[in-house]
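Asks: Below is a structure I'd like to ask you about.
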Amino acid sequence: MDTGSRIKLVREHRGLTQQKLGEMLGYGKSSANRIAQYEMGYRSPKANRLKEIAKAMNIREEIFLMPDETERPYAI
């Protein structure tokens with residue numbers, strides 16, 4: 001599972017819309033679009049932005065970087 005898919009998984013688990021998460025990160029009018037780009041793999045968040053996304057969703061940043069064989073979506 002790629003980083004974008006994990007962002008989406010956690011975002012949905014937290015009950016957040018793309019718009020709401022984007023607003024939490026300060027994206028303004030392009031909030032939903034930027035998060036959608038991450039989730040679909042069109043863009044990849046830089047390390048500092050990934051840290052902000054993790055903080056906004058109250059999870060450890062490592063969740064986004066785990067190798068697939070150690071993945072446990074239910075442990076979010």
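Ordering of the structure tokens sets the chain letters (A, B, ...); residue numbers start at 1 within each chain; ligands are numbered from 1 in the order shown.
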Within 8 Å of stretch 37-39 of chain A, counting only C-alpha atoms, which residues show up once you throw out same-chain ones fewer than 2 positions away? Write them as a short mmCIF file (atom, residue, chain, number, x, y, z; two decimals) with N, CA, C and O atoms, in the first residue's frame, please.
Replies:
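What follows is the written file around14.cif:
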data_model
loop_
_atom_site.label_atom_id
_atom_site.label_comp_id
_atom_site.auth_asym_id
_atom_site.auth_seq_id
_atom_site.Cartn_x
_atom_site.Cartn_y
_atom_site.Cartn_z
N THR A 3 1.79 5.46 0.19
CA THR A 3 1.56 6.50 1.20
C THR A 3 0.19 7.16 1.01
O THR A 3 -0.53 7.37 1.98
N GLY A 4 -0.16 7.46 -0.23
CA GLY A 4 -1.46 8.10 -0.49
C GLY A 4 -2.63 7.24 -0.04
O GLY A 4 -3.60 7.74 0.54
N SER A 5 -2.54 5.95 -0.28
CA SER A 5 -3.60 5.03 0.14
C SER A 5 -3.70 4.98 1.66
O SER A 5 -4.79 4.88 2.21
N ARG A 6 -2.56 5.06 2.31
CA ARG A 6 -2.57 5.06 3.78
C ARG A 6 -3.14 6.35 4.33
O ARG A 6 -3.86 6.33 5.33
N ILE A 7 -2.84 7.47 3.68
CA ILE A 7 -3.43 8.74 4.10
C ILE A 7 -4.94 8.63 4.02
O ILE A 7 -5.66 9.00 4.95
N LYS A 8 -5.43 8.10 2.91
CA LYS A 8 -6.88 7.95 2.73
C LYS A 8 -7.48 7.02 3.78
O LYS A 8 -8.53 7.32 4.36
N ASN A 33 -8.52 19.33 -3.13
CA ASN A 33 -7.76 18.97 -4.32
C ASN A 33 -6.36 18.46 -3.96
O ASN A 33 -5.90 17.46 -4.49
N ARG A 34 -5.68 19.13 -3.06
CA ARG A 34 -4.32 18.73 -2.68
C ARG A 34 -4.34 17.36 -2.01
O ARG A 34 -3.53 16.50 -2.31
N ILE A 35 -5.28 17.14 -1.08
CA ILE A 35 -5.36 15.85 -0.41
C ILE A 35 -5.70 14.75 -1.41
O ILE A 35 -5.12 13.66 -1.37
N GLY A 41 -1.97 9.51 -5.71
CA GLY A 41 -0.60 9.29 -6.13
C GLY A 41 -0.07 10.26 -7.16
O GLY A 41 1.01 10.08 -7.70
N TYR A 42 -0.83 11.33 -7.45
CA TYR A 42 -0.36 12.34 -8.40
C TYR A 42 0.75 13.19 -7.80
O TYR A 42 1.58 13.72 -8.50
N ARG A 43 0.71 13.35 -6.49
CA ARG A 43 1.73 14.08 -5.75
C ARG A 43 2.10 13.27 -4.53
O ARG A 43 1.29 12.52 -4.01
N SER A 44 3.31 13.48 -4.06
CA SER A 44 3.75 12.84 -2.82
C SER A 44 4.10 13.94 -1.83
O SER A 44 4.83 14.87 -2.17
N PRO A 45 3.57 13.83 -0.61
CA PRO A 45 3.91 14.86 0.38
C PRO A 45 5.38 14.77 0.77
O PRO A 45 5.93 13.67 0.91
#
Asks: Just checking: using only C-alpha atoms, which residue out of A:Met1, A:Leu16, A:Leu21, A:Leu65 ends up closest to A:Glu52?
Replies: A:Leu21
Asks: Distance atom CA of A:Thr17-atom CA of A:Met66, one decimal place?
Replies: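 Distance reported for this atom pair: 23.5 Å.
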Asks: So how far away is atom CA of A:Ile63 from atom CA of A:Glu23, in Å?
Replies: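 Computing it gives 21.5 Å between the two atoms.
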Asks: Could you please determine the separation between atom CA of A:Lys20 and atom CA of A:Ala56 in Å, to one decimal place?
Replies: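 These atoms are spaced 10.4 Å apart.
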Asks: So which bits of stretch 24-66 of chain A end up helix (DSSP H, G or I) when you DSSP the backbone, as a ChimeraX atom specification?
Replies: /A:24,28-40,47-56,61-65
